[in-house]
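Peer 1: The structure's right below; bear with me while I get my questions together.
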Amino acid sequence: MKYVTLKDVCTINMGQSPDSDSYNDNGEGVPFFQGNADFGERYPVTRKWCSAPTKMAAPEDILISVRAPIGAMNYAKEECCIGRGLAALTPDKTKVSPKFIFWLLKGKNAELNSKGTGSTFKAIGRKVLEETKVPDISLEKQLEHSETLEKIYAVIQHRKSELQMLDDLIKARFVEMFGDPIINSFGIDTKSMTDVCEIIDGDRGKNYPTADEFSDEGYCLFLNAKNVTSTGFNFATCMFVTKEKDEVLRKGKLSRGDVVLTTRGTLGNLAFYTEDIPFEHVRINSGMVILRMKQDVVDEVYFIEQFKMQLADIREKIASGSAQPQLPISAMNKINILTPNIEKQRQFADFVRKVDKSKVAVQKALDETQLLFDSLMQKYFG
């Protein structure tokens with residue numbers, strides 16, 4: 001395939017921060033966007049205006065973030081001032097379709113990020129954008145590719161919306177049965193988190209595995225932060241230790257029915273170690289704990305859904321550390337868990353399991369659609 005460069009088909013306008021005295025919140029001047037924090041779904045959200053703009057973007061210019069995170073994109077809805085965190089691209093419509101350039105740059109996101117420089121915040125300059133390769137194909141073919149990607153992307157967004165609606169359904173059912181868990185609007189009896197479950201730390205002693213003791217296969221799966229996500233377990237990448245190493249570790253081994261909670265960094269992710277998890281021997285690393293429920297007091301599925309609803313409040317009021325938030329075991333006695341009748345909890349858990357079956361079907365469809373989208377992006381843009 002033949003290529004041209006982005007500078008051959010687009011005018012590239014790098015942003016520049018105007019004098020801070022010209023910023024205002026009262027609508028004086030033109031909308032001012034500093035970076036991707038101002039971006040919406042398609043167009044930026046105006047929060048500030050500028051009375052003495054320096055660099056301007058025109059309506060329907062492509063706005064791209066050039067500072068961390070690099071590569072986020074929107075379209076300009078109107079004439080606006082752009083700060084140094086953005087660049088504006090004006091495609092030459094006699095040569096390229098703006099939609100084609102938009103999708104091209106989405107497909108180049110990882111490449112652009114790899115070219116970022118800077119010790120604290122990665123950024124790209126004009127030259128990186130100018131030299132980005134653009135397939136030299138007809139306008140007709142560009143439009144065809146763009147329309148295909150638009151349609152598939154719309155399906156992906158619809159699937160994600162379905163998943164969100166199913167999550168919202170679970171939350172609504174919880175509130176219907178038990179009220180708001182943060183304010184305990186139904187006045188249900190509560191117990192501290194340390195009273196409803198045994199909290200088991202990982203082994204941090206001298207026998208903790210060193211880097212060279214991990215391998216891509218082995219006897220015991222050793223969970224890392226990537227394995228415990230906001231949606232449960234993810235085993236895309238796994239680390240293992242040998243049976244001999246497993247046997248010298250004293251703490252942190254999972255039993256079926258345990259809940260894993262991340263307590264450092266990405267705090268509050270939960271995963272349920274059920275019978276269908278395909279690993280018989282699993283241990284946790286030092287950034288998580290095992291929660292072993294007192295099953296006559298609280299149901300695991302019920303606990304997980306309640307904890308997720310309380311998570312923002314827990315992060316704000318209980319977790320410590322600004323750079324890397326942490327939830328030490330010593331602070332978990334401050335977390336109150338509603339403890340209604342166990343049979344009612346189990347009724348709710350049955351409802352969640354039924355909804356989860358629908359989520360599995362939607363997630364499968366989403367994964368298949370995403371795979372198709374990714375393969376077409378690779379085919380069209382390399």
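Following the order of the structure tokens, first chain is A, next is B, and so on, with residues numbered from 1 inside each chain and ligands from 1 in the order they appear.
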Need to verify the contact set: Gln164 in chain A, 12 Å, only C-alpha atoms, exclusion of same-chain residues closer than 2 positions in sequence. Can you return it as a PyMOL selection string?
Peer 2: chain A and resi 157-162+166-171+231+355-356+358-359+362-363
Peer 1: Take the residues from that selection and put them in a file with N, CA and C atoms, as a compact mmCIF listing (two decimals), in the first residue's frame.
Peer 2:
# COMPACT_ATOMS: atom_id res chain seq x y z
N GLN A 157 -20.83 0.50 20.99
CA GLN A 157 -21.36 1.43 21.99
C GLN A 157 -22.72 0.95 22.51
N HIS A 158 -23.52 0.38 21.62
CA HIS A 158 -24.82 -0.15 22.04
C HIS A 158 -24.65 -1.31 23.00
N ARG A 159 -23.73 -2.20 22.72
CA ARG A 159 -23.46 -3.33 23.63
C ARG A 159 -22.99 -2.84 25.00
N LYS A 160 -22.11 -1.85 24.99
CA LYS A 160 -21.63 -1.29 26.25
C LYS A 160 -22.78 -0.65 27.03
N SER A 161 -23.67 0.00 26.30
CA SER A 161 -24.84 0.60 26.93
C SER A 161 -25.74 -0.46 27.55
N GLU A 162 -25.88 -1.59 26.85
CA GLU A 162 -26.66 -2.70 27.40
C GLU A 162 -26.07 -3.21 28.70
N LEU A 166 -27.79 -3.20 32.47
CA LEU A 166 -27.92 -4.39 33.31
C LEU A 166 -27.30 -4.14 34.69
N ASP A 167 -26.17 -3.45 34.72
CA ASP A 167 -25.57 -3.07 36.01
C ASP A 167 -26.51 -2.15 36.79
N ASP A 168 -27.13 -1.21 36.08
CA ASP A 168 -28.06 -0.30 36.73
C ASP A 168 -29.29 -1.05 37.26
N LEU A 169 -29.69 -2.09 36.54
CA LEU A 169 -30.83 -2.90 36.98
C LEU A 169 -30.53 -3.58 38.31
N ILE A 170 -29.31 -4.09 38.45
CA ILE A 170 -28.91 -4.72 39.72
C ILE A 170 -28.91 -3.71 40.85
N LYS A 171 -28.37 -2.52 40.59
CA LYS A 171 -28.35 -1.47 41.62
C LYS A 171 -29.77 -1.08 42.02
N THR A 231 -14.59 -5.72 36.79
CA THR A 231 -15.65 -6.65 36.39
C THR A 231 -15.38 -8.08 36.84
N VAL A 355 -29.33 -11.97 36.02
CA VAL A 355 -28.90 -10.82 35.22
C VAL A 355 -27.50 -11.07 34.66
N ASP A 356 -26.65 -11.70 35.46
CA ASP A 356 -25.28 -11.99 35.01
C ASP A 356 -25.27 -12.90 33.78
N SER A 358 -27.40 -12.79 31.38
CA SER A 358 -27.63 -11.86 30.26
C SER A 358 -26.37 -11.06 29.97
N LYS A 359 -25.66 -10.66 31.02
CA LYS A 359 -24.42 -9.90 30.84
C LYS A 359 -23.38 -10.74 30.11
N VAL A 362 -24.24 -10.66 26.42
CA VAL A 362 -23.94 -9.36 25.83
C VAL A 362 -22.44 -9.16 25.72
N GLN A 363 -21.70 -9.56 26.76
CA GLN A 363 -20.24 -9.41 26.74
C GLN A 363 -19.62 -10.22 25.62
Peer 1: Skip Ser146 in chain A itself and residues of its chain fewer than 5 positions away, then list as a list of chain:residue names all residues within 8 Å of it, counting only C-alpha atoms.
Peer 2: A:Lys99, A:Phe100, A:Trp103
Peer 1: Fewer than 5 positions away in the same chain doesn't count, so skip those; otherwise give me all residues within 10 Å of Tyr219 in chain A, counting only C-alpha atoms, as a list in words.
Peer 2: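 The residues satisfying every condition are Phe240, Val241, Thr242, Lys243, Glu244, Lys245, Asp246, Phe279, Glu280, His281 and Val282 of chain A.
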Peer 1: Can I get the selection written as a CSV table (one decimal), in the first residue's frame, with all heavy atoms?
Peer 2:
chain,number,residue,atom,x,y,z
A,240,PHE,N,2.7,-17.8,37.5
A,240,PHE,CA,2.6,-19.0,38.3
A,240,PHE,C,3.9,-19.2,39.1
A,240,PHE,O,4.9,-18.8,38.7
A,240,PHE,CB,2.3,-20.3,37.4
A,240,PHE,CG,1.1,-20.2,36.6
A,240,PHE,CD1,1.0,-19.6,35.4
A,240,PHE,CD2,-0.1,-20.9,37.1
A,240,PHE,CE1,-0.3,-19.6,34.7
A,240,PHE,CE2,-1.3,-20.9,36.4
A,240,PHE,CZ,-1.4,-20.2,35.2
A,241,VAL,N,3.7,-20.0,40.2
A,241,VAL,CA,4.8,-20.5,40.9
A,241,VAL,C,4.7,-22.0,41.0
A,241,VAL,O,3.7,-22.6,40.8
A,241,VAL,CB,4.9,-19.9,42.4
A,241,VAL,CG1,5.1,-18.4,42.3
A,241,VAL,CG2,3.6,-20.2,43.2
A,242,THR,N,5.8,-22.6,41.4
A,242,THR,CA,5.9,-24.1,41.4
A,242,THR,C,5.2,-24.6,42.7
A,242,THR,O,4.9,-23.9,43.6
A,242,THR,CB,7.4,-24.6,41.5
A,242,THR,OG1,7.9,-24.0,42.7
A,242,THR,CG2,8.2,-24.0,40.3
A,243,LYS,N,4.9,-25.9,42.7
A,243,LYS,CA,4.3,-26.6,43.8
A,243,LYS,C,5.2,-26.4,45.1
A,243,LYS,O,4.7,-26.2,46.2
A,243,LYS,CB,4.1,-28.0,43.5
A,243,LYS,CG,3.4,-28.8,44.7
A,243,LYS,CD,3.1,-30.2,44.3
A,243,LYS,CE,2.3,-30.9,45.4
A,243,LYS,NZ,2.0,-32.3,45.0
A,244,GLU,N,6.5,-26.5,44.9
A,244,GLU,CA,7.4,-26.4,46.0
A,244,GLU,C,7.4,-25.0,46.6
A,244,GLU,O,7.4,-24.8,47.8
A,244,GLU,CB,8.9,-26.7,45.5
A,244,GLU,CG,9.2,-28.1,45.1
A,244,GLU,CD,8.5,-28.5,43.8
A,244,GLU,OE1,8.2,-27.6,43.0
A,244,GLU,OE2,8.3,-29.7,43.6
A,245,LYS,N,7.3,-24.0,45.7
A,245,LYS,CA,7.2,-22.6,46.2
A,245,LYS,C,5.8,-22.4,46.9
A,245,LYS,O,5.8,-21.7,48.0
A,245,LYS,CB,7.3,-21.6,45.1
A,245,LYS,CG,7.4,-20.2,45.5
A,245,LYS,CD,8.7,-19.9,46.4
A,245,LYS,CE,8.8,-18.6,46.9
A,245,LYS,NZ,10.0,-18.4,47.8
A,246,ASP,N,4.8,-22.9,46.4
A,246,ASP,CA,3.5,-22.8,47.0
A,246,ASP,C,3.4,-23.4,48.4
A,246,ASP,O,2.8,-22.8,49.3
A,246,ASP,CB,2.4,-23.5,46.1
A,246,ASP,CG,1.0,-23.5,46.7
A,246,ASP,OD1,0.5,-22.4,47.0
A,246,ASP,OD2,0.5,-24.6,46.8
A,279,PHE,N,-8.8,-22.7,37.8
A,279,PHE,CA,-7.5,-22.8,38.5
A,279,PHE,C,-7.7,-23.4,39.9
A,279,PHE,O,-8.5,-22.8,40.7
A,279,PHE,CB,-6.7,-21.5,38.6
A,279,PHE,CG,-6.4,-20.9,37.2
A,279,PHE,CD1,-7.2,-19.9,36.7
A,279,PHE,CD2,-5.3,-21.4,36.5
A,279,PHE,CE1,-6.9,-19.3,35.5
A,279,PHE,CE2,-5.1,-20.8,35.2
A,279,PHE,CZ,-5.8,-19.8,34.7
A,280,GLU,N,-7.1,-24.5,40.2
A,280,GLU,CA,-7.4,-25.2,41.5
A,280,GLU,C,-6.5,-24.6,42.6
A,280,GLU,O,-6.9,-24.6,43.8
A,280,GLU,CB,-7.1,-26.7,41.4
A,280,GLU,CG,-8.1,-27.4,40.6
A,280,GLU,CD,-9.5,-27.4,41.2
A,280,GLU,OE1,-9.6,-27.4,42.5
A,280,GLU,OE2,-10.5,-27.3,40.5
A,281,HIS,N,-5.3,-24.1,42.3
A,281,HIS,CA,-4.4,-23.5,43.3
A,281,HIS,C,-4.2,-22.1,42.9
A,281,HIS,O,-3.5,-21.7,41.9
A,281,HIS,CB,-3.1,-24.3,43.3
A,281,HIS,CG,-3.4,-25.8,43.5
A,281,HIS,ND1,-3.6,-26.3,44.7
A,281,HIS,CD2,-3.4,-26.8,42.6
A,281,HIS,CE1,-3.8,-27.6,44.6
A,281,HIS,NE2,-3.7,-28.0,43.3
A,282,VAL,N,-4.6,-21.2,43.8
A,282,VAL,CA,-4.5,-19.7,43.6
A,282,VAL,C,-4.1,-19.0,44.9
A,282,VAL,O,-4.6,-19.3,45.9
A,282,VAL,CB,-5.8,-19.1,43.1
A,282,VAL,CG1,-5.7,-17.7,42.7
A,282,VAL,CG2,-6.4,-19.9,41.9
Peer 1: Step one, run DSSP on the backbone; step two, keep only residues of range 80-279 of chain A assigned to strand (DSSP E or B); then write them as a PyMOL selection string.
Peer 2: chain A and resi 80-82+86-91+117+123+133-135+190-192+197-201+215+220-222+228-229+232-233+240-241+253+259-262+264+270-272
Peer 1: For Gln34 in chain A, please output as a list in words all residues within 8 Å (counting only C-alpha atoms; exclusion window: fewer than 5 positions along the same chain).
Peer 2: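 Near neighbours after the sequence-gap exclusion: Ser17, Ile82, Gly83, Arg84, Gly85 and Leu86 of chain A.
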Peer 1: Put those residues in a file: C-alpha atoms, as a PDB file, in the first residue's frame.
Peer 2:
ATOM      1  CA  SER A  17      -2.020  28.543  26.102  1.00  0.00           C
ATOM      2  CA  ILE A  82      -7.030  25.528  21.983  1.00  0.00           C
ATOM      3  CA  GLY A  83      -4.376  25.257  24.667  1.00  0.00           C
ATOM      4  CA  ARG A  84      -1.047  23.481  24.425  1.00  0.00           C
ATOM      5  CA  GLY A  85      -2.568  20.123  25.319  1.00  0.00           C
ATOM      6  CA  LEU A  86      -4.363  19.977  21.961  1.00  0.00           C
TER       7      LEU A  86
END
Peer 1: Could you pull out the alpha helix (DSSP H) residues of range 167-249 of chain A, going by DSSP on the backbone, and write them as a VMD selection string?
Peer 2: chain A and resid 167 to 178 193 to 196 243 to 248
Peer 1: Would you mind exporting N, CA, C and O atoms of the selected residues as a tab-separated table (two decimals), in the first residue's frame?
Peer 2:
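File produced: out23.tsv:
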chain	number	residue	atom	x	y	z
A	167	ASP	N	-26.17	-3.45	34.72
A	167	ASP	CA	-25.57	-3.07	36.01
A	167	ASP	C	-26.51	-2.15	36.79
A	167	ASP	O	-26.69	-2.31	38.01
A	168	ASP	N	-27.13	-1.21	36.08
A	168	ASP	CA	-28.06	-0.30	36.73
A	168	ASP	C	-29.29	-1.05	37.26
A	168	ASP	O	-29.85	-0.67	38.30
A	169	LEU	N	-29.69	-2.09	36.54
A	169	LEU	CA	-30.83	-2.90	36.98
A	169	LEU	C	-30.53	-3.58	38.31
A	169	LEU	O	-31.37	-3.62	39.21
A	170	ILE	N	-29.31	-4.09	38.45
A	170	ILE	CA	-28.91	-4.72	39.72
A	170	ILE	C	-28.91	-3.71	40.85
A	170	ILE	O	-29.42	-3.98	41.95
A	171	LYS	N	-28.37	-2.52	40.59
A	171	LYS	CA	-28.35	-1.47	41.62
A	171	LYS	C	-29.77	-1.08	42.02
A	171	LYS	O	-30.06	-0.89	43.21
A	172	ALA	N	-30.64	-0.94	41.02
A	172	ALA	CA	-32.02	-0.55	41.31
A	172	ALA	C	-32.73	-1.62	42.15
A	172	ALA	O	-33.49	-1.29	43.07
A	173	ARG	N	-32.46	-2.88	41.84
A	173	ARG	CA	-33.06	-3.98	42.61
A	173	ARG	C	-32.54	-3.96	44.05
A	173	ARG	O	-33.32	-4.20	45.00
A	174	PHE	N	-31.26	-3.68	44.22
A	174	PHE	CA	-30.69	-3.60	45.57
A	174	PHE	C	-31.39	-2.51	46.37
A	174	PHE	O	-31.82	-2.74	47.52
A	175	VAL	N	-31.51	-1.32	45.79
A	175	VAL	CA	-32.14	-0.20	46.50
A	175	VAL	C	-33.60	-0.50	46.81
A	175	VAL	O	-34.11	-0.16	47.88
A	176	GLU	N	-34.27	-1.18	45.87
A	176	GLU	CA	-35.67	-1.56	46.09
A	176	GLU	C	-35.81	-2.49	47.29
A	176	GLU	O	-36.74	-2.36	48.10
A	177	MET	N	-34.85	-3.42	47.45
A	177	MET	CA	-34.95	-4.42	48.51
A	177	MET	C	-34.34	-3.97	49.83
A	177	MET	O	-34.84	-4.31	50.91
A	178	PHE	N	-33.26	-3.15	49.75
A	178	PHE	CA	-32.50	-2.85	50.97
A	178	PHE	C	-32.26	-1.36	51.21
A	178	PHE	O	-31.70	-0.99	52.24
A	193	MET	N	-17.37	-4.52	58.51
A	193	MET	CA	-16.86	-5.49	57.53
A	193	MET	C	-16.04	-6.58	58.21
A	193	MET	O	-16.09	-7.75	57.81
A	194	THR	N	-15.31	-6.22	59.26
A	194	THR	CA	-14.48	-7.21	59.96
A	194	THR	C	-15.33	-8.22	60.73
A	194	THR	O	-14.82	-9.27	61.14
A	195	ASP	N	-16.64	-7.92	60.94
A	195	ASP	CA	-17.53	-8.85	61.64
A	195	ASP	C	-18.29	-9.77	60.69
A	195	ASP	O	-18.87	-10.76	61.14
A	196	VAL	N	-18.33	-9.44	59.40
A	196	VAL	CA	-19.08	-10.28	58.47
A	196	VAL	C	-18.19	-11.23	57.68
A	196	VAL	O	-18.69	-12.13	57.00
A	243	LYS	N	4.94	-25.92	42.68
A	243	LYS	CA	4.32	-26.56	43.84
A	243	LYS	C	5.21	-26.41	45.07
A	243	LYS	O	4.72	-26.17	46.18
A	244	GLU	N	6.51	-26.53	44.87
A	244	GLU	CA	7.45	-26.39	45.99
A	244	GLU	C	7.36	-24.98	46.59
A	244	GLU	O	7.37	-24.82	47.82
A	245	LYS	N	7.28	-23.97	45.74
A	245	LYS	CA	7.17	-22.61	46.24
A	245	LYS	C	5.83	-22.39	46.94
A	245	LYS	O	5.76	-21.75	47.99
A	246	ASP	N	4.78	-22.93	46.35
A	246	ASP	CA	3.46	-22.81	46.95
A	246	ASP	C	3.43	-23.38	48.37
A	246	ASP	O	2.82	-22.82	49.27
A	247	GLU	N	4.12	-24.48	48.57
A	247	GLU	CA	4.07	-25.18	49.85
A	247	GLU	C	4.80	-24.45	50.98
A	247	GLU	O	4.53	-24.70	52.15
A	248	VAL	N	5.71	-23.54	50.65
A	248	VAL	CA	6.42	-22.81	51.71
A	248	VAL	C	5.74	-21.49	52.06
A	248	VAL	O	6.12	-20.84	53.04
Peer 1: Which of these residues is nearest to Met14 in chain A, using only C-alpha atoms: A:Gly35, A:Gly118, A:Gly107, A:Gly321?
Peer 2: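 Ranking A:Gly35, A:Gly118, A:Gly107, A:Gly321 by distance to Met14 in chain A, first place goes to A:Gly35.
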Peer 1: Pick out the closest residue to Asp374 in chain A from this set: A:Ile156, A:Leu6, A:Cys80, A:Ile70. Count only C-alpha atoms.
Peer 2: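 Counting only C-alpha atoms, the residue closest to Asp374 in chain A is A:Ile156.
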Peer 1: Between A:Gly287, A:Asp203, A:Phe214, A:Gly116, which has the minimum distance to Arg264 in chain A (counting only C-alpha atoms)?
Peer 2: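 The answer is A:Gly287, which sits nearest to Arg264 in chain A.
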Peer 1: With distances taken over only C-alpha atoms, which residue among A:Asn24, A:Gln324, A:Thr262, A:Gln306 lies nearest Asn336 in chain A?
Peer 2: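 The closest residue to Asn336 in chain A is A:Gln306.
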Peer 1: Show me, as a PyMOL selection string, the residues that have an atom within 7 Å of range 343-349 of chain A when counting only C-alpha atoms, minus same-chain residues fewer than 3 positions from it.
Peer 2: chain A and resi 299+301-302+340+352-353
Peer 1: Taking 6 positions as the minimum chain separation for residues in the same chain, which residues sit within 8 Å of Pro18 in chain A when counting only C-alpha atoms? Answer as a PyMOL selection string.
Peer 2: chain A and resi 50+52-55+83
Peer 1: May I have the selected residues written with N, CA, C and O atoms, as a compact mmCIF listing (two decimals), in the first residue's frame?
Peer 2:
# COMPACT_ATOMS: atom_id res chain seq x y z
N CYS A 50 -12.31 32.32 26.59
CA CYS A 50 -11.07 33.10 26.50
C CYS A 50 -11.36 34.38 25.71
O CYS A 50 -11.89 34.32 24.59
N ALA A 52 -8.94 36.60 24.90
CA ALA A 52 -7.78 36.97 24.07
C ALA A 52 -7.11 35.70 23.56
O ALA A 52 -6.00 35.34 23.99
N PRO A 53 -7.78 34.99 22.65
CA PRO A 53 -7.25 33.70 22.18
C PRO A 53 -5.97 33.86 21.37
O PRO A 53 -5.75 34.88 20.73
N THR A 54 -5.15 32.80 21.41
CA THR A 54 -3.94 32.77 20.60
C THR A 54 -4.11 31.81 19.43
O THR A 54 -4.09 32.22 18.27
N LYS A 55 -4.29 30.53 19.71
CA LYS A 55 -4.48 29.55 18.64
C LYS A 55 -5.94 29.14 18.57
O LYS A 55 -6.56 28.82 19.59
N GLY A 83 -5.59 25.16 23.88
CA GLY A 83 -4.38 25.26 24.67
C GLY A 83 -3.32 24.28 24.19
O GLY A 83 -3.52 23.52 23.23
Peer 1: How far is it from CA of Glu368 in chain A to CA of Asp276 in chain A, in Å with one decimal?
Peer 2: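 Separation between CA of Glu368 in chain A and CA of Asp276 in chain A: 21.9 Å.
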Peer 1: Leaving out Arg126 in chain A and any residue of its chain fewer than 6 positions from it, which residues lie within 9 Å of it when counting only C-alpha atoms, given as a ChimeraX atom specification?
Peer 2: /A:12-14,87
Peer 1: What does the structure give for the distance between CA of Tyr153 in chain A and CA of Gln370 in chain A, in Å to one decimal?
Peer 2: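 Interatomic distance, CA of Tyr153 in chain A to CA of Gln370 in chain A: 8.2 Å.
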